[in-house]
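Asks: Quick one: the structure is below, and I'll ask about it shortly.
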Amino acid sequence: MKYDVLVIGAGLSGLSAAALLAKRNLKVAVVDKSYCPGGSCGSFKREDVFFDQGSSMLFGWGERGFNAHRFLFNCLEEEMDIIAHPQLYCVHYKGEKIRFFPDIDQFIEEVARLFPSQKPNLKRFYGDMEQLYTHVMVEHPSYTTPDETDRKEMLQAMLSHPVSYLRFLSYLNKSAKSLLSKYFTDPEIFSFFDKLTSTYCYTTVEESPAILSTVMFVDNHVGGSYYPAGSALMLPGKLEKVIEEHGSVMIPNREVVRILFSGNKPSGVQLDDGSALYADQLIYSGTVWNLYGKLIPPEYSDPKRRAWAASQVPTYPSLALYSVVDRSAIDHEAMAVEMLVGDPSALNEEEVTVYIPSIDDHTLCGKDEHVVLAIGPSFRTWDGLDAKTYQMQKEEEIQRLLGVLARRFPTIKEHVRSTELATPKTIERYTMKNGGAVAGPKQVLGNHMFKRLHIRTEYPTLFCCGESTVLGTGTPTVTTSGIAAANAVLSQRGLESFVYESGMKQYVHLITPPYTPDQLYASDDGQTRSVKLKARRCQICEHPACCQTSGLDIPSLMRRVMVGNLKGAKQLLIASGEEDFESLQSHCIREDAVDIQQVCSFLLEWESPPAR
Ligand SMILES: Cc1cc2nc3c(=O)[nH]c(=O)nc-3n(C[C@H](O)[C@H](O)[C@H](O)COP(=O)(O)OP(=O)(O)OC[C@H]3O[C@@H](n4cnc5c(N)ncnc54)[C@H](O)[C@@H]3O)c2cc1C
Ligand code: SF4
C-alpha cells in the first residue's frame, strides 16, 4: 500500500503532524504498536473511571505565551474544550506548601516564605525572566523548533528587542545553575529550583540548559496549566478525528520493525506481521535509540551516527500508580497537581507527582470517588524477574507509593478502592520508550538542543518529531515538534505551511472548573448526546470479550464515538460488515452491558457533514 506520508507512532507528536498533513489533503497513514492512540498522553478505563496513562497536567492552551496546542487546534479548525486550572500546581517542600499562582508576584511571596532573604533576588530574577519571555515568546509567536526556525524571520524578530534576543541566545550553552547564580546568594535555593527543572525536564539545574529553563520558569505562570474536558482521551481522539475526517488512516496494533530503503532513501516500513507500507515521506516519532539501533538497517547508517544515538542518556525509569479512592480521603485544599518532594537535596523514590484530575473534572469517575495518579522514579531492577517476583515487587511498590501519598493524605490507605501499577516495563510496552525512561533521552547540557535528533535527518525522505528531538519532553514541546515536522514535509512538497497569523479564529474554549457531567456533550442534540454517553460506558477493553469472533473493533468504535469522531466510528462499522450487534452486546463484560445495538444503529443512520 502506498501513501503520501507514513507516520510511525501515534503519540501526541506523531498525531499532530499527521492531522496537519491530512488537513492539507495528503494521504497519511499512522502506525502504532498500541491498540489505542496517545502514547504517553494516552488513557485507559476501568469500569466507569478514566485514567491518564501519563500526561495529566497539560500546557500550551492559554491565550498568551507558548500556546502550541491552541495554535494546532486553530490550524485544524477543530473545537476543543479545555479546563483551566485556577492555580497551576503546588510543591510540598521542607514542610511548606508552595502554590504556583498564575500571578508571579503572588508566587514570589510563596517562595519567599522558604527563602526570606532571597525575596529581592526572586523579584529581580522573575522580573528579568518575564521580560525576556514576553519579548521572545509572546510578542513573536512561532510554533516551530529551533532547528527549523526561518533565519530571516528570526532576524526580524530580533530587531524588535535585540538586547533580549542576544541575552536569550547567550543562554544556549549555559546551565540553569549558572544563570541562577547571577541572582541568588543562598545555595539552598538551587535545590528548590532543581525540583522545578526536574518536573519539566527531568534534569537538575546543573544539567538543564538555561535557554530552556528561562522559558520553563515563566511559561506556566503566563500560559497556565490545563486538562482536556471529559478526559485526556479527548486530545489524541480529536487529532485522530481530523486525520480520519480527511481520508487518512490509523493502523493500530502494528509495530514498525524496519525502515525500507529505495536506493539511499527511506521509502517505506516493514511491519511486525511481515507486510510492508510505502510512502514518499516518513515521519518517525519514537526514540532515537530505536531509530538507529533497530529500524534503520546498519548498512544504511553511519557507525558514528549509531554511536551518537547510543550515547544519549536516558531519563529515569518511572512508576505510575493509578488508584481510585473515596472522595473523603482528599481534603478540600488539595490541588489537581501536587508535587511531593522527599529529599530536597537529591532525587529519590519519595519524590512523587500526584495528579488528581477529578478535582476539576467531575466526569472522570463517580461522585463519591477521586482518581489519584502518583508518578515517580524507580531505581529497582525490573528486568529478568520471574512472574511471581515481578508481581511481589509490584505489590511492594504499590504499598510504598501509598505510604508516600499517606504523608500528604493521611487516611488514604483506608480509603483506597482500587490500585494498579505501571512499572518501567509497562511503560516500555505501551510507549516503546527504552527501559521505561519517563521522557526518552535527557535534555542534558552537552547533549542538548541542536545536539539531539533534528526534524530533518540525513535522509531526505525521513523526518522526526517527539521527545528525542531538539526541544525534548513535555506536551507542548512534542506538539511543536509535530508541527515542525509537518511543515518540513509540506515545504519539501511545495505546499503551504501552517504559520501563525494574528486574528486566527479560535477553536479552543477555556472552561472554569469544576467541569460537571451535565456539561459533557452539552452542545449536541439530545439523541447524539445520549449515544455518546452510552459509548462512554465502554471500558475500551484491550482484549474485548464482545467482539472476539467479529471483524468489528468495538472498543475502537466506542472510543471514537466518545470523542465525537462519528465518521471514523462509522467507517469501522461499515468496513467490518457486522450486523449482529445483539450477539456482540450479549458478550460485553459489563454487568449492565454497553448498548452496542443502539450506538451502532445510530451510526448506520448518521450522515457525515462535508469536510471543512
Ligand atoms: C508517566 C508520564 C507522565 C507525564 N506527565 C506529563 C504531564 O503531566 N505534562 C506534560 O506536559 N508531559 C508529561 N509527560 C511527558 C509527555 O507525556 C510526553 O513528552 C509526550 O506525550 C510524548 O509524546 P511523543 O509523541 O513524543 O511520544 P510518545 O507519547 O512516547 O508516543 C510515541 C508512540 O510511538 C509508538 N511507536 C514508537 N516506535 C514505534 C514503532 N517502531 N512501531 C509502532 N509504533 C511505535 C509508541 O507505541 C507510542 O505510542 C509525561 C510522561 C510520562 C511517561
Ligand atoms: S463493549 Fe466490549 S470493549 Fe466495551 S466494555 Fe463491553 S466488552 Fe469491553
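Convention: chains lettered A, B, ... in C-alpha cells order; per-chain residue numbering from 1; ligands numbered from 1 as shown.
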Can you pull out every residue within 7 Å of stretch 172-174 of chain A, counting only C-alpha atoms, but drop anything in the same chain fewer than 4 positions away, and send it as a compact mmCIF listing (two decimals) with all heavy atoms, in the first residue's frame?

Replies:
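Just written: out.txt:
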```txt
# COMPACT_ATOMS: atom_id res chain seq x y z
N SER A 178 24.13 28.23 36.29
CA SER A 178 24.98 29.42 36.10
C SER A 178 24.13 30.68 35.98
O SER A 178 24.52 31.76 36.42
CB SER A 178 25.91 29.24 34.89
OG SER A 178 25.18 29.38 33.71
N PRO A 209 19.76 23.11 30.29
CA PRO A 209 20.22 24.28 29.53
C PRO A 209 19.44 25.52 29.96
O PRO A 209 18.21 25.48 30.06
CB PRO A 209 19.90 23.92 28.08
CG PRO A 209 19.52 22.48 28.07
CD PRO A 209 19.10 22.12 29.44
N ALA A 210 20.15 26.62 30.23
CA ALA A 210 19.49 27.84 30.73
C ALA A 210 18.46 28.36 29.75
O ALA A 210 17.42 28.89 30.14
CB ALA A 210 20.54 28.90 31.01
N ILE A 211 18.72 28.17 28.45
CA ILE A 211 17.80 28.71 27.44
C ILE A 211 16.40 28.10 27.59
O ILE A 211 15.38 28.76 27.37
CB ILE A 211 18.37 28.51 26.02
CG1 ILE A 211 17.62 29.37 25.01
CG2 ILE A 211 18.38 27.06 25.60
CD1 ILE A 211 18.38 29.62 23.73
```

Asks: May I have the residues within 7 Å of ligand 1, computed using only C-alpha atoms and all ligand atoms, as number ranges by chain?

Replies: A: 8-14, 31-34, 37-41, 53-59, 254-257, 285-287, 318, 320, 375, 427, 430-433, 438-439, 465-467, 473-476, 478

Asks: What does the list of residues within 10 Å of ligand 2 look like if you count only C-alpha atoms and all ligand atoms, written as a PyMOL selection string?

Replies: chain A and resi 45-48+535-548+553-559+584-596

Asks: Restricting the output to N, CA and C atoms, write the selected residues as a short mmCIF file (atom, residue, chain, number, x, y, z; two decimals), in the first residue's frame.

Replies:
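This went into again_17.cif:
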```cif
data_model
loop_
_atom_site.label_atom_id
_atom_site.label_comp_id
_atom_site.auth_asym_id
_atom_site.auth_seq_id
_atom_site.Cartn_x
_atom_site.Cartn_y
_atom_site.Cartn_z
N LYS A 45 -9.44 2.87 30.70
CA LYS A 45 -10.63 2.90 31.58
C LYS A 45 -10.73 1.64 32.39
N ARG A 46 -11.26 1.78 33.58
CA ARG A 46 -11.66 0.64 34.39
C ARG A 46 -13.06 0.97 34.88
N GLU A 47 -14.00 0.07 34.63
CA GLU A 47 -15.42 0.37 34.94
C GLU A 47 -15.77 1.75 34.37
N ASP A 48 -16.24 2.66 35.24
CA ASP A 48 -16.61 3.99 34.72
C ASP A 48 -15.53 5.04 34.98
N ALA A 535 -21.80 5.29 24.69
CA ALA A 535 -20.47 4.83 24.26
C ALA A 535 -19.46 5.03 25.38
N ARG A 536 -19.63 6.09 26.13
CA ARG A 536 -18.69 6.43 27.20
C ARG A 536 -18.68 5.38 28.31
N ARG A 537 -19.68 4.52 28.33
CA ARG A 537 -19.70 3.46 29.35
C ARG A 537 -18.75 2.31 28.99
N CYS A 538 -18.32 2.28 27.74
CA CYS A 538 -17.42 1.20 27.31
C CYS A 538 -16.08 1.36 28.02
N GLN A 539 -15.51 0.24 28.40
CA GLN A 539 -14.21 0.27 29.11
C GLN A 539 -13.01 0.29 28.16
N ILE A 540 -13.28 0.34 26.87
CA ILE A 540 -12.21 0.33 25.85
C ILE A 540 -11.24 -0.82 26.15
N CYS A 541 -11.82 -2.02 26.29
CA CYS A 541 -11.01 -3.19 26.68
C CYS A 541 -9.88 -3.45 25.68
N GLU A 542 -8.73 -3.77 26.23
CA GLU A 542 -7.59 -4.10 25.35
C GLU A 542 -7.84 -5.47 24.69
N HIS A 543 -8.47 -6.37 25.44
CA HIS A 543 -8.80 -7.69 24.89
C HIS A 543 -10.31 -7.86 25.03
N PRO A 544 -11.08 -7.27 24.11
CA PRO A 544 -12.53 -7.21 24.29
C PRO A 544 -13.23 -8.56 24.13
N ALA A 545 -14.09 -8.87 25.08
CA ALA A 545 -14.85 -10.12 25.00
C ALA A 545 -15.99 -9.98 24.00
N CYS A 546 -16.43 -8.73 23.77
CA CYS A 546 -17.63 -8.52 22.95
C CYS A 546 -17.43 -8.85 21.48
N CYS A 547 -16.20 -8.74 20.98
CA CYS A 547 -16.06 -8.88 19.52
C CYS A 547 -14.96 -9.86 19.13
N GLN A 548 -14.80 -10.90 19.96
CA GLN A 548 -13.70 -11.82 19.67
C GLN A 548 -13.84 -12.54 18.33
N ASP A 553 -14.16 -3.83 15.54
CA ASP A 553 -13.39 -3.48 16.73
C ASP A 553 -14.25 -2.54 17.60
N ILE A 554 -15.02 -3.14 18.49
CA ILE A 554 -15.98 -2.36 19.28
C ILE A 554 -15.31 -1.30 20.18
N PRO A 555 -14.25 -1.65 20.94
CA PRO A 555 -13.67 -0.60 21.79
C PRO A 555 -13.17 0.60 20.98
N SER A 556 -12.59 0.35 19.81
CA SER A 556 -12.11 1.47 18.98
C SER A 556 -13.29 2.29 18.47
N LEU A 557 -14.39 1.59 18.17
CA LEU A 557 -15.58 2.30 17.70
C LEU A 557 -16.14 3.18 18.83
N MET A 558 -16.26 2.59 20.02
CA MET A 558 -16.83 3.34 21.16
C MET A 558 -15.94 4.53 21.53
N ARG A 559 -14.64 4.32 21.49
CA ARG A 559 -13.70 5.40 21.83
C ARG A 559 -13.89 6.56 20.85
N LEU A 584 -23.02 -9.32 19.82
CA LEU A 584 -21.82 -8.65 20.38
C LEU A 584 -22.15 -8.13 21.78
N GLN A 585 -23.30 -7.50 21.88
CA GLN A 585 -23.70 -6.89 23.16
C GLN A 585 -23.82 -7.95 24.26
N SER A 586 -24.29 -9.13 23.86
CA SER A 586 -24.51 -10.19 24.87
C SER A 586 -23.18 -10.66 25.47
N HIS A 587 -22.06 -10.37 24.79
CA HIS A 587 -20.75 -10.79 25.33
C HIS A 587 -20.02 -9.68 26.07
N CYS A 588 -20.64 -8.52 26.20
CA CYS A 588 -19.96 -7.41 26.91
C CYS A 588 -19.71 -7.80 28.37
N ILE A 589 -18.55 -7.43 28.88
CA ILE A 589 -18.18 -7.85 30.24
C ILE A 589 -18.88 -7.02 31.32
N ARG A 590 -19.50 -5.91 30.95
CA ARG A 590 -20.12 -5.08 31.98
C ARG A 590 -21.44 -5.71 32.41
N GLU A 591 -21.70 -5.62 33.71
CA GLU A 591 -22.92 -6.24 34.24
C GLU A 591 -24.15 -5.70 33.50
N ASP A 592 -24.17 -4.38 33.37
CA ASP A 592 -25.20 -3.75 32.57
C ASP A 592 -24.52 -3.45 31.23
N ALA A 593 -24.73 -4.34 30.26
CA ALA A 593 -23.92 -4.30 29.02
C ALA A 593 -23.97 -2.94 28.32
N VAL A 594 -22.85 -2.59 27.70
CA VAL A 594 -22.80 -1.37 26.88
C VAL A 594 -23.80 -1.54 25.74
N ASP A 595 -24.54 -0.50 25.44
CA ASP A 595 -25.62 -0.59 24.46
C ASP A 595 -25.07 -0.55 23.03
N ILE A 596 -24.40 -1.64 22.65
CA ILE A 596 -23.75 -1.71 21.33
C ILE A 596 -24.80 -1.54 20.21
#
```

Asks: Which one is closest to A:Gly268: A:Val599, A:Ala29, A:Leu180, A:Leu533? Count only C-alpha atoms.

Replies: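 Between A:Val599, A:Ala29, A:Leu180, A:Leu533, the residue approaching A:Gly268 most closely is A:Ala29.
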
Asks: With only C-alpha atoms as the atoms that count, which of A:Gly564, A:Gly403, A:Pro424, A:Gly224 lies nearest to A:Gly62?

Replies: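 Answer, going by the shortest atom-to-atom distance: A:Gly224.
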
Asks: Taking the DSSP assignment computed from this structure's backbone, write out as a ChimeraX atom specification all residues of stretch 356-588 of chain A that belong to alpha helix (DSSP H).

Replies: /A:387-408,424-431,475-492,526-535,554-563,566-576,581-586

Asks: Please identify every residue of stretch 420-443 of chain A that has at least one atom no farther than 12 Å from an atom of stretch 197-206 of chain A, counting only C-alpha atoms, and for each give the shortest atom pair and the distance in Å to one decimal, arranged by chain then increasing number, as a tab-separated table.

Replies:
```
residue	atom	partner	partner_atom	distance
A:Ala437	CA	A:Tyr202	CA	10.2
A:Val438	CA	A:Tyr202	CA	8.5
A:Ala439	CA	A:Tyr202	CA	7.6
A:Gly440	CA	A:Tyr202	CA	10.1
A:Pro441	CA	A:Tyr202	CA	9.8
A:Lys442	CA	A:Tyr202	CA	7.1
A:Gln443	CA	A:Cys201	CA	6.8
```

Asks: Grab the residues selected above and save them as a PDB file, in the first residue's frame with all heavy atoms.

Replies:
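As a result, result-v2.pdb now contains:
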```
ATOM      1  N   ALA A 437      12.185   4.738  30.285  1.00  0.00           N
ATOM      2  CA  ALA A 437      12.710   6.092  30.560  1.00  0.00           C
ATOM      3  C   ALA A 437      11.564   7.080  30.394  1.00  0.00           C
ATOM      4  O   ALA A 437      11.007   7.212  29.301  1.00  0.00           O
ATOM      5  CB  ALA A 437      13.834   6.428  29.590  1.00  0.00           C
ATOM      6  N   VAL A 438      11.213   7.760  31.483  1.00  0.00           N
ATOM      7  CA  VAL A 438       9.971   8.522  31.525  1.00  0.00           C
ATOM      8  C   VAL A 438       9.838   9.527  30.388  1.00  0.00           C
ATOM      9  O   VAL A 438       8.749   9.754  29.879  1.00  0.00           O
ATOM     10  CB  VAL A 438       9.797   9.174  32.927  1.00  0.00           C
ATOM     11  CG1 VAL A 438      10.878  10.202  33.201  1.00  0.00           C
ATOM     12  CG2 VAL A 438       8.429   9.794  33.102  1.00  0.00           C
ATOM     13  N   ALA A 439      10.966  10.111  29.969  1.00  0.00           N
ATOM     14  CA  ALA A 439      10.879  11.168  28.955  1.00  0.00           C
ATOM     15  C   ALA A 439      11.872  10.954  27.824  1.00  0.00           C
ATOM     16  O   ALA A 439      12.366  11.915  27.235  1.00  0.00           O
ATOM     17  CB  ALA A 439      11.103  12.514  29.607  1.00  0.00           C
ATOM     18  N   GLY A 440      12.179   9.706  27.516  1.00  0.00           N
ATOM     19  CA  GLY A 440      13.152   9.445  26.448  1.00  0.00           C
ATOM     20  C   GLY A 440      14.528   9.948  26.850  1.00  0.00           C
ATOM     21  O   GLY A 440      14.898   9.903  28.034  1.00  0.00           O
ATOM     22  N   PRO A 441      15.333  10.449  25.889  1.00  0.00           N
ATOM     23  CA  PRO A 441      16.685  10.908  26.246  1.00  0.00           C
ATOM     24  C   PRO A 441      16.659  12.238  26.999  1.00  0.00           C
ATOM     25  O   PRO A 441      15.863  13.122  26.696  1.00  0.00           O
ATOM     26  CB  PRO A 441      17.379  11.053  24.895  1.00  0.00           C
ATOM     27  CG  PRO A 441      16.326  11.048  23.863  1.00  0.00           C
ATOM     28  CD  PRO A 441      15.060  10.510  24.458  1.00  0.00           C
ATOM     29  N   LYS A 442      17.552  12.336  27.971  1.00  0.00           N
ATOM     30  CA  LYS A 442      17.614  13.533  28.823  1.00  0.00           C
ATOM     31  C   LYS A 442      18.075  14.748  28.033  1.00  0.00           C
ATOM     32  O   LYS A 442      19.021  14.648  27.234  1.00  0.00           O
ATOM     33  CB  LYS A 442      18.678  13.261  29.895  1.00  0.00           C
ATOM     34  CG  LYS A 442      18.202  13.426  31.297  1.00  0.00           C
ATOM     35  CD  LYS A 442      19.410  13.313  32.208  1.00  0.00           C
ATOM     36  CE  LYS A 442      19.022  12.840  33.564  1.00  0.00           C
ATOM     37  NZ  LYS A 442      20.087  12.957  34.537  1.00  0.00           N
ATOM     38  N   GLN A 443      17.458  15.877  28.338  1.00  0.00           N
ATOM     39  CA  GLN A 443      17.873  17.153  27.721  1.00  0.00           C
ATOM     40  C   GLN A 443      18.984  17.703  28.621  1.00  0.00           C
ATOM     41  O   GLN A 443      18.769  18.595  29.429  1.00  0.00           O
ATOM     42  CB  GLN A 443      16.657  18.069  27.707  1.00  0.00           C
ATOM     43  CG  GLN A 443      16.810  19.418  27.114  1.00  0.00           C
ATOM     44  CD  GLN A 443      16.880  19.462  25.603  1.00  0.00           C
ATOM     45  OE1 GLN A 443      17.970  19.468  25.063  1.00  0.00           O
ATOM     46  NE2 GLN A 443      15.747  19.532  24.932  1.00  0.00           N
TER      47      GLN A 443
END
```

Asks: Let me make sure I understand: among A:Lys394, A:Lys241, A:Lys177, A:Lys195, which one has the smallest atom-to-atom distance to A:Ala346 if we use only C-alpha atoms?

Replies: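 Of the candidates, the smallest distance to A:Ala346 is held by A:Lys195.
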
Asks: Of the residues A:Tyr500, A:Tyr183, A:Phe73, A:Phe450, which is the one nearest to A:Asn121, using only C-alpha atoms?

Replies: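 Smallest distance to A:Asn121 is found for A:Tyr183.
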
Asks: Go through A:Leu239, A:Leu373, A:Ala229, A:Leu169 one by one, measure the shortest atom-to-atom distance of each to A:Ala522 using only C-alpha atoms, and give the residue with the smallest value.

Replies: A:Ala229

Asks: I need the residues in stretch 61-276 of chain A that are strand (DSSP E or B) according to DSSP; give them as a ChimeraX atom specification.

Replies: /A:80-84,89-93,96-100,175,209,226-228,249-251,256-262,265-271,276

Asks: At a cut-off of 9 Å, using only C-alpha atoms, what residues contact A:Ile104? Leave out same-chain residues fewer than 4 positions from it and give the result as an MDAnalysis selection string.

Replies: chainID A and resid 100 108:109 123 126:127 130 218 221:222

Asks: List the spatial neighbours of stretch 481-488 of chain A as an MDAnalysis selection string - criterion: any atom at most 8 Å away, only C-alpha atoms, same-chain residues fewer than 6 positions off excluded.

Replies: chainID A and resid 12:18 20:21 72 143:145 148 283 455:456 463:466 469 471 497:498
